[in-house]
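Scroll down for the structure; my scribbles are underneath it.
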Amino acid sequence: MKLFDSELKIMDVLWKEGDLTAKAISDILKTEIGWNMNTTYTVIKKCVAKGAIKRSEPNFLCHALITKEEAQQAETDELIGKLYDGSADKLFAALLGRKKLSAEQIEKLKQIVGDLDEVEL
């Protein structure tokens with residue numbers, strides 16, 4: 001499922017806050033990014049149509065049907081497919097090649113790779 005930036009804003013509110021009414025989501029996004037109620041409701045309807053959100057009564061209560069991790073995985077898979085010929089190691093090499101990583105970030109990456117090695121053994 002491809003979520004556009006506007007849809008991810010709605011989803012992010014639900015991931016952070018849990019189930020909310022459409023009005024509560026609208027109030028949050030009005031404060032955070034200046035959206036009006038019609039914009040918020042339109043984007044919520046798009047998320048419902050895609051199956052990312054379930055809405056129920058009373059009060060147009062919205063519930064996320066996908067997790068943030070699922071959305072991140074889908075976006076990562078799309079990025080790897082589009083820009084790195086489907087090769088995660090090319091993405092990883094590009095990230096490492098930026099040479100702007102701190103020592104702490106490098107250690108964290110080493111730990112992640114080490115954890116992968118342990119899982120595969």
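Identifiers in this document derive from the order of the structure tokens: chains are assigned A, B, ..., residues are numbered from 1 separately in each chain, and ligands are numbered from 1 in order of occurrence.
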
Would you pick out the contacts of stretch 11-26 of chain A at 7 Å or less, using only C-alpha atoms, so that residues sharing its chain but fewer than 5 positions from it are not included, and give the list as a PDB file with C-alpha atoms, in the first residue's frame?
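Saved the output as result.pdb:
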```pdb
ATOM      1  CA  MET A  37     -11.121  20.438   8.598  1.00  0.00           C
ATOM      2  CA  THR A  40      -8.152  16.516   6.985  1.00  0.00           C
ATOM      3  CA  TYR A  41     -11.474  14.772   6.322  1.00  0.00           C
ATOM      4  CA  ASN A  59     -18.160  10.409  16.058  1.00  0.00           C
ATOM      5  CA  PHE A  60     -16.237   9.092  13.053  1.00  0.00           C
ATOM      6  CA  LEU A  61     -13.698   7.270  15.264  1.00  0.00           C
ATOM      7  CA  CYS A  62     -10.525   6.416  13.316  1.00  0.00           C
ATOM      8  CA  HIS A  63      -8.333   3.384  13.943  1.00  0.00           C
ATOM      9  CA  ALA A  64      -5.048   2.640  12.110  1.00  0.00           C
ATOM     10  CA  LYS A  68       4.159   2.406  11.463  1.00  0.00           C
TER      11      LYS A  68
END
```

*Which of stretch 36-97 of chain A counts as strand (DSSP E or B) under DSSP, as a PyMOL selection string please?*
chain A and resi 53-56+61-64

Save out the residues we just selected, N, CA and C atoms, as a CSV table (one decimal), in the first residue's frame.
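This is the output file result_39.csv:
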```csv
chain,number,residue,atom,x,y,z
A,53,ILE,N,-7.0,2.9,7.3
A,53,ILE,CA,-7.8,3.3,8.5
A,53,ILE,C,-9.2,2.7,8.4
A,54,LYS,N,-9.6,2.3,9.6
A,54,LYS,CA,-11.0,1.9,9.8
A,54,LYS,C,-11.7,3.0,10.5
A,55,ARG,N,-12.9,3.4,10.0
A,55,ARG,CA,-13.7,4.4,10.8
A,55,ARG,C,-14.9,3.8,11.3
A,56,SER,N,-15.4,4.2,12.4
A,56,SER,CA,-16.6,3.7,13.0
A,56,SER,C,-17.3,4.8,13.8
A,61,LEU,N,-14.9,7.7,14.6
A,61,LEU,CA,-13.7,7.3,15.3
A,61,LEU,C,-12.8,6.6,14.3
A,62,CYS,N,-11.5,7.0,14.3
A,62,CYS,CA,-10.5,6.4,13.3
A,62,CYS,C,-9.5,5.5,14.0
A,63,HIS,N,-9.2,4.4,13.4
A,63,HIS,CA,-8.3,3.4,13.9
A,63,HIS,C,-7.4,3.0,12.8
A,64,ALA,N,-6.1,3.0,13.1
A,64,ALA,CA,-5.0,2.6,12.1
A,64,ALA,C,-5.1,1.1,11.9
```

*Among the residues A:Phe4, A:Leu116, A:Glu32, A:Ile80, the one that comes closest to A:Ala93 [using only C-alpha atoms]*: A:Ile80

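Here atom CA of A:Cys47 and atom CA of A:Lys9 stand 10.8 Å from one another.
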
_Just list as a list in words whatever in stretch 31-76 of chain A DSSP marks as alpha helix (DSSP H)._
Thr31, Glu32, Ile33, Met37, Asn38, Thr39, Thr40, Tyr41, Thr42, Val43, Ile44, Lys45, Lys46, Cys47, Val48, Ala49, Lys50, Lys68, Glu69, Glu70, Ala71, Gln72, Gln73, Ala74, Glu75 and Thr76 of chain A

Quick one: write out the picked residues with C-alpha atoms as an mmCIF file, in the first residue's frame?
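Output (out34.cif):
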```
data_model
loop_
_atom_site.group_PDB
_atom_site.id
_atom_site.type_symbol
_atom_site.label_atom_id
_atom_site.label_comp_id
_atom_site.auth_asym_id
_atom_site.auth_seq_id
_atom_site.Cartn_x
_atom_site.Cartn_y
_atom_site.Cartn_z
ATOM 1 C CA THR A 31 -2.331 23.269 15.094
ATOM 2 C CA GLU A 32 0.687 21.375 13.735
ATOM 3 C CA ILE A 33 0.555 22.184 10.021
ATOM 4 C CA MET A 37 -11.121 20.438 8.598
ATOM 5 C CA ASN A 38 -12.104 19.716 4.971
ATOM 6 C CA THR A 39 -8.522 18.854 4.029
ATOM 7 C CA THR A 40 -8.152 16.516 6.985
ATOM 8 C CA TYR A 41 -11.474 14.772 6.322
ATOM 9 C CA THR A 42 -10.628 14.330 2.625
ATOM 10 C CA VAL A 43 -7.289 12.722 3.438
ATOM 11 C CA ILE A 44 -8.876 10.492 6.096
ATOM 12 C CA LYS A 45 -11.389 9.285 3.479
ATOM 13 C CA LYS A 46 -8.493 8.426 1.142
ATOM 14 C CA CYS A 47 -6.839 6.423 3.923
ATOM 15 C CA VAL A 48 -10.110 4.602 4.578
ATOM 16 C CA ALA A 49 -10.472 3.791 0.866
ATOM 17 C CA LYS A 50 -6.932 2.356 0.829
ATOM 18 C CA LYS A 68 4.159 2.406 11.463
ATOM 19 C CA GLU A 69 6.627 -0.451 11.026
ATOM 20 C CA GLU A 70 4.554 -1.878 8.147
ATOM 21 C CA ALA A 71 4.467 1.524 6.448
ATOM 22 C CA GLN A 72 8.218 1.971 6.959
ATOM 23 C CA GLN A 73 8.887 -1.465 5.488
ATOM 24 C CA ALA A 74 6.750 -0.722 2.430
ATOM 25 C CA GLU A 75 8.483 2.635 1.890
ATOM 26 C CA THR A 76 11.926 1.061 2.342
#
```

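Going from atom CA of A:Asp85 over to atom CA of A:Met1, you cover 19.8 Å.
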
*Residues near A:Leu91, cut-off 12 Å, only C-alpha atoms, skip fewer than 2 positions along chain, as a PyMOL selection string*: chain A and resi 76-89+93-98

*Do you have the atom CA of A:Gly51-atom CA of A:Leu65 distance handy?*
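The value is 7.0 Å.
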